[in-house]
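Student: See query.csv below, with CSV, N, CA, C and O atoms.
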```csv
chain,number,residue,atom,x,y,z
A,74,MET,N,-133.7,30.3,-12.6
A,74,MET,CA,-132.7,29.3,-12.9
A,74,MET,C,-131.5,30.0,-13.5
A,74,MET,O,-130.3,29.7,-13.1
A,75,GLN,N,-131.8,30.8,-14.5
A,75,GLN,CA,-130.7,31.5,-15.2
A,75,GLN,C,-129.9,32.4,-14.2
A,75,GLN,O,-128.7,32.5,-14.3
A,76,ALA,N,-130.6,33.1,-13.3
A,76,ALA,CA,-130.0,33.9,-12.3
A,76,ALA,C,-129.1,33.1,-11.4
A,76,ALA,O,-128.0,33.6,-11.0
A,77,ARG,N,-129.5,31.9,-11.0
A,77,ARG,CA,-128.8,31.1,-10.2
A,77,ARG,C,-127.5,30.7,-10.9
A,77,ARG,O,-126.4,30.6,-10.2
A,78,VAL,N,-127.5,30.4,-12.1
A,78,VAL,CA,-126.3,30.0,-12.9
A,78,VAL,C,-125.4,31.2,-12.9
A,78,VAL,O,-124.1,31.0,-12.8
A,79,GLN,N,-125.9,32.4,-13.1
A,79,GLN,CA,-125.0,33.6,-13.2
A,79,GLN,C,-124.4,33.8,-11.8
A,79,GLN,O,-123.2,34.2,-11.7
A,80,VAL,N,-125.1,33.6,-10.7
A,80,VAL,CA,-124.6,33.8,-9.4
A,80,VAL,C,-123.5,32.8,-9.1
A,80,VAL,O,-122.4,33.1,-8.6
A,81,ASP,N,-123.8,31.5,-9.5
A,81,ASP,CA,-122.8,30.5,-9.3
A,81,ASP,C,-121.5,30.8,-10.1
A,81,ASP,O,-120.4,30.6,-9.7
A,82,ALA,N,-121.7,31.3,-11.4
A,82,ALA,CA,-120.5,31.6,-12.2
A,82,ALA,C,-119.7,32.8,-11.6
A,82,ALA,O,-118.5,32.7,-11.6
A,83,ALA,N,-120.5,33.7,-11.1
A,83,ALA,CA,-119.8,34.9,-10.5
A,83,ALA,C,-119.0,34.5,-9.2
A,83,ALA,O,-117.9,34.9,-9.0
A,84,LEU,N,-119.6,33.6,-8.4
A,84,LEU,CA,-118.9,33.1,-7.2
A,84,LEU,C,-117.7,32.2,-7.6
A,84,LEU,O,-116.7,32.4,-7.0
A,85,ALA,N,-117.8,31.4,-8.6
A,85,ALA,CA,-116.7,30.6,-9.1
A,85,ALA,C,-115.6,31.5,-9.6
A,85,ALA,O,-114.4,31.3,-9.3
A,86,ALA,N,-115.9,32.6,-10.3
A,86,ALA,CA,-114.9,33.5,-10.8
A,86,ALA,C,-114.2,34.2,-9.6
A,86,ALA,O,-113.0,34.4,-9.6
A,87,GLN,N,-115.0,34.6,-8.6
A,87,GLN,CA,-114.5,35.3,-7.5
A,87,GLN,C,-113.6,34.3,-6.7
A,87,GLN,O,-112.5,34.7,-6.2
A,88,GLN,N,-114.0,33.1,-6.5
A,88,GLN,CA,-113.2,32.1,-5.8
A,88,GLN,C,-111.8,31.9,-6.6
A,88,GLN,O,-110.8,31.8,-5.9
A,89,ALA,N,-111.9,31.8,-7.9
A,89,ALA,CA,-110.7,31.6,-8.7
A,89,ALA,C,-109.8,32.8,-8.5
A,89,ALA,O,-108.5,32.7,-8.4
A,90,GLN,N,-110.3,34.0,-8.5
A,90,GLN,CA,-109.5,35.2,-8.3
A,90,GLN,C,-108.9,35.2,-6.9
A,90,GLN,O,-107.7,35.6,-6.8
A,91,ILE,N,-109.6,34.8,-5.9
A,91,ILE,CA,-109.1,34.7,-4.5
A,91,ILE,C,-107.9,33.7,-4.5
A,91,ILE,O,-106.9,34.0,-3.9
A,92,GLN,N,-108.1,32.6,-5.1
A,92,GLN,CA,-107.1,31.6,-5.1
A,92,GLN,C,-105.8,32.1,-5.8
A,92,GLN,O,-104.7,31.8,-5.4
A,93,GLN,N,-106.0,32.8,-6.9
A,93,GLN,CA,-104.9,33.3,-7.7
A,93,GLN,C,-104.1,34.4,-6.8
A,93,GLN,O,-102.9,34.4,-6.8
A,94,GLN,N,-104.9,35.2,-6.1
A,94,GLN,CA,-104.3,36.2,-5.3
A,94,GLN,C,-103.5,35.6,-4.1
A,94,GLN,O,-102.4,36.0,-3.8
A,95,LYS,N,-104.1,34.5,-3.6
A,95,LYS,CA,-103.4,33.8,-2.5
A,95,LYS,C,-102.1,33.1,-3.0
A,95,LYS,O,-101.1,33.2,-2.3
A,96,ALA,N,-102.2,32.6,-4.2
A,96,ALA,CA,-101.0,32.0,-4.7
A,96,ALA,C,-99.9,33.0,-5.0
A,96,ALA,O,-98.7,32.8,-4.7
A,97,GLN,N,-100.3,34.2,-5.4
A,97,GLN,CA,-99.3,35.3,-5.6
A,97,GLN,C,-98.7,35.7,-4.3
A,97,GLN,O,-97.5,35.9,-4.2
A,98,ASN,N,-99.6,35.9,-3.3
A,98,ASN,CA,-99.1,36.3,-2.0
A,98,ASN,C,-98.2,35.2,-1.4
A,98,ASN,O,-97.1,35.6,-0.8
A,99,ASP,N,-98.5,34.0,-1.6
A,99,ASP,CA,-97.6,32.9,-1.1
A,99,ASP,C,-96.2,32.9,-1.8
A,99,ASP,O,-95.2,32.8,-1.2
A,100,ALA,N,-96.3,33.2,-3.1
A,100,ALA,CA,-95.0,33.3,-3.8
A,100,ALA,C,-94.2,34.4,-3.4
A,100,ALA,O,-92.9,34.3,-3.2
A,101,ILE,N,-94.8,35.6,-3.2
A,101,ILE,CA,-94.1,36.8,-2.7
A,101,ILE,C,-93.5,36.5,-1.3
A,101,ILE,O,-92.4,36.8,-1.0
A,102,HIS,N,-94.3,35.9,-0.4
A,102,HIS,CA,-93.8,35.5,0.9
A,102,HIS,C,-92.6,34.6,0.9
A,102,HIS,O,-91.6,34.9,1.6
A,103,LEU,N,-92.7,33.6,0.0
A,103,LEU,CA,-91.5,32.7,-0.1
A,103,LEU,C,-90.3,33.4,-0.6
A,103,LEU,O,-89.1,33.2,-0.1
A,104,GLN,N,-90.5,34.3,-1.6
A,104,GLN,CA,-89.3,35.1,-2.1
A,104,GLN,C,-88.7,36.0,-1.1
A,104,GLN,O,-87.5,36.0,-0.9
A,105,VAL,N,-89.6,36.7,-0.3
A,105,VAL,CA,-89.0,37.6,0.8
A,105,VAL,C,-88.3,36.8,1.8
A,105,VAL,O,-87.3,37.1,2.3
A,106,LYS,N,-88.9,35.6,2.2
A,106,LYS,CA,-88.3,34.8,3.2
A,106,LYS,C,-86.9,34.3,2.7
A,106,LYS,O,-85.9,34.3,3.5
A,107,ALA,N,-86.8,33.9,1.5
A,107,ALA,CA,-85.6,33.4,0.9
A,107,ALA,C,-84.5,34.5,0.9
A,107,ALA,O,-83.4,34.3,1.2
A,108,GLN,N,-84.9,35.7,0.5
A,108,GLN,CA,-84.0,36.8,0.5
A,108,GLN,C,-83.5,37.1,1.9
A,108,GLN,O,-82.3,37.4,2.1
A,109,GLY,N,-84.4,37.0,2.9
A,109,GLY,CA,-84.0,37.3,4.2
A,109,GLY,C,-83.0,36.2,4.7
A,109,GLY,O,-82.0,36.6,5.4
A,110,GLU,N,-83.3,35.0,4.4
A,110,GLU,CA,-82.3,33.9,4.8
A,110,GLU,C,-81.0,34.1,4.1
A,110,GLU,O,-79.9,33.8,4.7
A,111,ILE,N,-81.0,34.5,2.9
A,111,ILE,CA,-79.7,34.8,2.2
A,111,ILE,C,-78.9,35.9,2.9
A,111,ILE,O,-77.7,35.8,3.1
A,112,GLU,N,-79.6,37.0,3.2
A,112,GLU,CA,-79.0,38.1,3.9
A,112,GLU,C,-78.5,37.7,5.2
A,112,GLU,O,-77.4,38.0,5.7
A,113,LEU,N,-79.2,36.9,6.0
A,113,LEU,CA,-78.8,36.4,7.3
A,113,LEU,C,-77.6,35.5,7.1
A,113,LEU,O,-76.6,35.6,7.9
A,114,ALA,N,-77.6,34.7,6.1
A,114,ALA,CA,-76.4,33.8,5.9
A,114,ALA,C,-75.1,34.7,5.6
A,114,ALA,O,-74.0,34.3,6.1
A,115,LYS,N,-75.3,35.7,4.8
A,115,LYS,CA,-74.2,36.6,4.5
A,115,LYS,C,-73.7,37.3,5.8
A,115,LYS,O,-72.4,37.3,6.0
A,116,ILE,N,-74.6,37.8,6.6
A,116,ILE,CA,-74.2,38.4,7.9
A,116,ILE,C,-73.5,37.4,8.8
A,116,ILE,O,-72.4,37.7,9.4
A,117,LYS,N,-74.0,36.2,8.9
A,117,LYS,CA,-73.4,35.2,9.7
A,117,LYS,C,-72.0,34.8,9.2
A,117,LYS,O,-71.1,34.7,10.0
A,118,ALA,N,-71.9,34.7,7.9
A,118,ALA,CA,-70.5,34.4,7.4
A,118,ALA,C,-69.5,35.5,7.7
A,118,ALA,O,-68.4,35.2,8.0
A,119,ALA,N,-70.0,36.7,7.5
A,119,ALA,CA,-69.1,37.9,7.8
A,119,ALA,C,-68.7,37.9,9.3
A,119,ALA,O,-67.5,38.1,9.6
A,120,LEU,N,-69.6,37.6,10.2
A,120,LEU,CA,-69.3,37.6,11.6
A,120,LEU,C,-68.4,36.4,12.0
A,120,LEU,O,-67.5,36.6,12.8
A,121,ASP,N,-68.7,35.2,11.3
A,121,ASP,CA,-67.8,34.1,11.6
A,121,ASP,C,-66.4,34.4,11.1
A,121,ASP,O,-65.4,34.1,11.8
A,122,ALA,N,-66.2,35.1,10.0
A,122,ALA,CA,-64.9,35.4,9.5
A,122,ALA,C,-64.2,36.4,10.5
A,122,ALA,O,-63.0,36.3,10.8
A,123,LYS,N,-64.9,37.4,11.0
A,123,LYS,CA,-64.4,38.3,11.9
A,123,LYS,C,-64.0,37.6,13.2
A,123,LYS,O,-62.9,37.9,13.8
A,124,MET,N,-64.8,36.7,13.7
A,124,MET,CA,-64.5,36.0,14.9
A,124,MET,C,-63.2,35.1,14.7
A,124,MET,O,-62.4,35.1,15.6
A,125,THR,N,-63.1,34.5,13.6
A,125,THR,CA,-61.8,33.8,13.3
A,125,THR,C,-60.6,34.7,13.3
A,125,THR,O,-59.6,34.3,13.9
A,126,VAL,N,-60.7,35.8,12.7
A,126,VAL,CA,-59.6,36.8,12.8
A,126,VAL,C,-59.3,37.2,14.2
A,126,VAL,O,-58.1,37.2,14.6
A,127,LEU,N,-60.3,37.5,15.0
A,127,LEU,CA,-60.1,37.9,16.4
A,127,LEU,C,-59.5,36.8,17.2
A,127,LEU,O,-58.6,37.1,18.0
A,128,GLU,N,-60.0,35.6,17.0
A,128,GLU,CA,-59.4,34.5,17.8
A,128,GLU,C,-58.0,34.2,17.4
A,128,GLU,O,-57.2,34.0,18.3
A,129,THR,N,-57.6,34.4,16.1
A,129,THR,CA,-56.2,34.3,15.7
A,129,THR,C,-55.4,35.3,16.4
A,129,THR,O,-54.3,35.0,16.9
A,130,HIS,N,-55.9,36.6,16.4
A,130,HIS,CA,-55.1,37.7,17.0
A,130,HIS,C,-55.0,37.4,18.5
A,130,HIS,O,-53.9,37.7,19.1
A,131,LEU,N,-56.0,36.9,19.1
A,131,LEU,CA,-56.0,36.7,20.6
A,131,LEU,C,-55.0,35.6,20.9
A,131,LEU,O,-54.2,35.7,21.8
A,132,LYS,N,-55.0,34.5,20.1
A,132,LYS,CA,-54.0,33.4,20.3
A,132,LYS,C,-52.6,34.0,20.1
A,132,LYS,O,-51.7,33.6,20.9
A,133,ALA,N,-52.4,34.8,19.1
A,133,ALA,CA,-51.0,35.4,18.9
A,133,ALA,C,-50.6,36.3,20.0
A,133,ALA,O,-49.5,36.2,20.5
A,134,ALA,N,-51.6,37.0,20.6
A,134,ALA,CA,-51.2,37.9,21.7
A,134,ALA,C,-50.9,37.1,22.9
A,134,ALA,O,-50.0,37.5,23.7
A,135,VAL,N,-51.7,36.0,23.2
A,135,VAL,CA,-51.4,35.2,24.3
A,135,VAL,C,-50.0,34.6,24.2
A,135,VAL,O,-49.2,34.5,25.1
A,136,GLU,N,-49.7,34.1,23.0
A,136,GLU,CA,-48.4,33.5,22.8
A,136,GLU,C,-47.3,34.5,22.9
A,136,GLU,O,-46.2,34.2,23.5
A,137,ALA,N,-47.5,35.7,22.4
A,137,ALA,CA,-46.5,36.8,22.6
A,137,ALA,C,-46.3,37.1,24.0
A,137,ALA,O,-45.2,37.4,24.5
A,138,GLY,N,-47.4,37.1,24.8
A,138,GLY,CA,-47.3,37.4,26.2
A,138,GLY,C,-46.5,36.3,27.0
A,138,GLY,O,-45.8,36.6,27.9
A,139,LYS,N,-46.7,35.1,26.6
A,139,LYS,CA,-46.0,34.0,27.2
A,139,LYS,C,-44.5,34.1,26.9
A,139,LYS,O,-43.6,33.9,27.7
A,140,ALA,N,-44.2,34.5,25.6
A,140,ALA,CA,-42.8,34.6,25.2
A,140,ALA,C,-42.1,35.8,26.0
A,140,ALA,O,-40.9,35.7,26.3
A,141,GLN,N,-42.9,36.9,26.3
A,141,GLN,CA,-42.3,38.0,27.0
A,141,GLN,C,-42.1,37.7,28.5
A,141,GLN,O,-41.4,38.4,29.2
A,142,ARG,N,-42.8,36.7,29.0
A,142,ARG,CA,-42.7,36.4,30.4
A,142,ARG,C,-41.5,35.5,30.7
A,142,ARG,O,-41.6,34.4,31.3
A,143,SER,N,-40.3,36.0,30.3
A,143,SER,CA,-39.1,35.3,30.7
A,143,SER,C,-38.6,35.9,32.0
A,143,SER,O,-38.9,37.0,32.3
A,144,TYR,N,-37.9,35.0,32.7
A,144,TYR,CA,-37.5,35.5,34.1
A,144,TYR,C,-36.0,36.0,34.0
A,144,TYR,O,-35.3,35.5,33.1
A,145,PRO,N,-35.7,36.9,34.8
A,145,PRO,CA,-34.3,37.5,34.7
A,145,PRO,C,-33.3,36.4,35.1
A,145,PRO,O,-33.6,35.4,35.7
A,146,PRO,N,-32.0,36.6,34.6
A,146,PRO,CA,-31.0,35.7,34.9
A,146,PRO,C,-30.8,35.5,36.4
A,146,PRO,O,-30.8,36.5,37.1
A,147,GLY,N,-30.6,34.3,36.8
A,147,GLY,CA,-30.4,34.1,38.3
A,147,GLY,C,-31.7,33.8,39.0
A,147,GLY,O,-31.6,33.4,40.2
A,148,ALA,N,-32.8,34.0,38.4
A,148,ALA,CA,-34.1,33.7,39.1
A,148,ALA,C,-34.3,32.2,39.2
A,148,ALA,O,-34.0,31.5,38.3
A,149,ARG,N,-34.8,31.8,40.4
A,149,ARG,CA,-35.0,30.4,40.6
A,149,ARG,C,-36.5,30.2,41.0
A,149,ARG,O,-37.0,31.0,41.7
A,150,LYS,N,-37.0,29.1,40.6
A,150,LYS,CA,-38.4,28.8,40.9
A,150,LYS,C,-38.4,28.1,42.2
A,150,LYS,O,-37.7,27.1,42.4
A,151,ALA,N,-39.2,28.6,43.2
A,151,ALA,CA,-39.3,28.0,44.5
A,151,ALA,C,-40.5,27.0,44.5
A,151,ALA,O,-41.2,26.8,43.6
A,152,ARG,N,-40.6,26.3,45.6
A,152,ARG,CA,-41.7,25.3,45.8
A,152,ARG,C,-43.1,25.9,45.7
A,152,ARG,O,-44.0,25.2,45.3
A,153,ASP,N,-43.2,27.2,46.0
A,153,ASP,CA,-44.5,27.8,46.0
A,153,ASP,C,-44.9,28.2,44.6
A,153,ASP,O,-46.0,28.8,44.3
A,154,GLY,N,-44.0,28.0,43.6
A,154,GLY,CA,-44.3,28.2,42.2
A,154,GLY,C,-43.9,29.6,41.7
A,154,GLY,O,-43.9,29.9,40.5
A,155,HIS,N,-43.4,30.5,42.7
A,155,HIS,CA,-42.9,31.8,42.3
A,155,HIS,C,-41.5,31.7,42.0
A,155,HIS,O,-40.7,30.8,42.4
A,156,HIS,N,-41.0,32.8,41.3
A,156,HIS,CA,-39.6,32.9,41.0
A,156,HIS,C,-39.0,34.0,41.9
A,156,HIS,O,-39.6,35.0,42.1
A,157,TYR,N,-37.8,33.7,42.4
A,157,TYR,CA,-37.1,34.6,43.3
A,157,TYR,C,-35.7,34.9,42.8
A,157,TYR,O,-35.0,34.0,42.2
A,158,LEU,N,-35.2,36.1,43.1
A,158,LEU,CA,-33.8,36.5,42.8
A,158,LEU,C,-33.1,36.8,44.1
A,158,LEU,O,-33.7,37.3,45.1
A,159,PRO,N,-31.8,36.5,44.2
A,159,PRO,CA,-31.1,36.8,45.4
A,159,PRO,C,-31.0,38.3,45.5
A,159,PRO,O,-30.9,39.1,44.6
A,160,ASP,N,-31.2,38.8,46.8
A,160,ASP,CA,-31.2,40.3,47.1
A,160,ASP,C,-29.7,40.6,47.3
A,160,ASP,O,-29.2,40.2,48.3
A,161,SER,N,-29.2,41.5,46.4
A,161,SER,CA,-27.8,41.8,46.6
A,161,SER,C,-27.5,42.7,47.8
A,161,SER,O,-26.4,42.7,48.3
A,162,ASP,N,-28.6,43.4,48.3
A,162,ASP,CA,-28.4,44.3,49.4
A,162,ASP,C,-28.5,43.5,50.7
A,162,ASP,O,-28.1,44.0,51.8
A,163,ARG,N,-29.1,42.4,50.7
A,163,ARG,CA,-29.3,41.6,51.9
A,163,ARG,C,-28.9,40.2,51.7
A,163,ARG,O,-29.8,39.4,51.2
A,164,PRO,N,-27.7,39.8,52.0
A,164,PRO,CA,-27.3,38.4,51.7
A,164,PRO,C,-28.2,37.4,52.4
A,164,PRO,O,-28.6,37.6,53.6
A,165,GLY,N,-28.5,36.3,51.7
A,165,GLY,CA,-29.4,35.3,52.3
A,165,GLY,C,-30.8,35.6,52.1
A,165,GLY,O,-31.7,34.7,52.4
A,166,LYS,N,-31.2,36.8,51.6
A,166,LYS,CA,-32.6,37.1,51.3
A,166,LYS,C,-32.9,37.1,49.8
A,166,LYS,O,-32.0,37.3,49.0
A,167,TYR,N,-34.1,37.0,49.5
A,167,TYR,CA,-34.5,36.9,48.1
A,167,TYR,C,-35.7,37.8,47.8
A,167,TYR,O,-36.4,38.2,48.7
A,168,LEU,N,-35.7,38.2,46.5
A,168,LEU,CA,-36.7,39.1,46.0
A,168,LEU,C,-37.7,38.3,45.1
A,168,LEU,O,-37.3,37.6,44.3
A,169,LEU,N,-39.0,38.5,45.3
A,169,LEU,CA,-40.0,37.9,44.5
A,169,LEU,C,-40.0,38.6,43.1
A,169,LEU,O,-40.1,39.8,43.0
A,170,VAL,N,-40.0,37.8,42.1
A,170,VAL,CA,-40.1,38.3,40.7
A,170,VAL,C,-41.6,38.5,40.4
A,170,VAL,O,-42.3,37.5,40.4
A,171,VAL,N,-42.0,39.7,40.1
A,171,VAL,CA,-43.4,40.0,39.8
A,171,VAL,C,-43.5,40.5,38.4
A,171,VAL,O,-42.8,41.3,38.0
A,172,HIS,N,-44.5,39.9,37.7
A,172,HIS,CA,-44.7,40.4,36.3
A,172,HIS,C,-45.9,41.3,36.3
A,172,HIS,O,-47.0,41.0,36.9
A,173,HIS,N,-45.8,42.4,35.6
A,173,HIS,CA,-46.9,43.3,35.4
A,173,HIS,C,-47.3,43.3,34.0
A,173,HIS,O,-46.5,43.3,33.1
A,174,GLY,N,-48.6,43.1,33.8
A,174,GLY,CA,-49.1,43.0,32.4
A,174,GLY,C,-50.1,44.0,32.0
A,174,GLY,O,-50.6,44.8,32.6
```
Would you encode the structure as structure tokens?
Tutor:
Amino acid sequence: MQARVQVDAALAAQQAQIQQQKAQNDAIHLQVKAQGEIELAKIKAALDAKMTVLETHLKAAVEAGKAQRSYPPGARKARDGHHYLPDSDRPGKYLLVVHHG
């Protein structure tokens, strides 16, 4: 009987130690997970900021490109949507205005 009580006490102590170790492991796991989520949030915020800067630069470049795309004096827009200039070497003929980008 006394041996049985000692075995039960030893088992209970071992169970308590296992539960304590499990609780410590769970706490460590949660801490590591939280740190990982914080780092991920920092990386995402940095990437979002870079994307905003790049989008701003892209919009500015597109607007600058639109501003540069002015047509020479005398150019007229035809029904086909293109701009043409009168050809000084060939009266009655026109030259297509082409933009190179």
Student: Using DSSP on the backbone coordinates, identify the residues of chain A assigned to strand (DSSP E); present them as a ChimeraX atom specification.
Tutor: /A:149-150,156-159,167-169
Student: One number please: atom O of A:Ala151 to atom O of A:Arg163, in Å, one decimal.
Tutor: 18.6 Å
Student: Atom CA of A:Ala82 and atom CA of A:Ala96 are how many Å apart?
Tutor: 20.9 Å
Student: Expressed in Å to a single decimal, how great is the separation between atom CA of A:Glu110 and atom CA of A:Glu128?
Tutor: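 We find that atom CA of A:Glu110 and atom CA of A:Glu128 lie 26.3 Å from each other.
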Student: Looking at all atoms listed in the file, which of A:Val105, A:Ala148, A:Val126, A:Ala133 is the one that sits closest to A:Val170?
Tutor: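 Using all atoms listed in the file, A:Val170 sits closest to A:Ala148.
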Student: Once DSSP has gone over the backbone, tell me which residues of chain A are in helix (DSSP H, G or I), as a PyMOL selection string.
Tutor: chain A and resi 75-141
Student: Of the candidates A:Leu169, A:Gln97, A:Gln92, A:Tyr144, which shows the shortest atom-to-atom distance to A:His156, using all atoms listed in the file?
Tutor: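 Comparing A:Leu169, A:Gln97, A:Gln92, A:Tyr144 against A:His156, the winner is A:Leu169.
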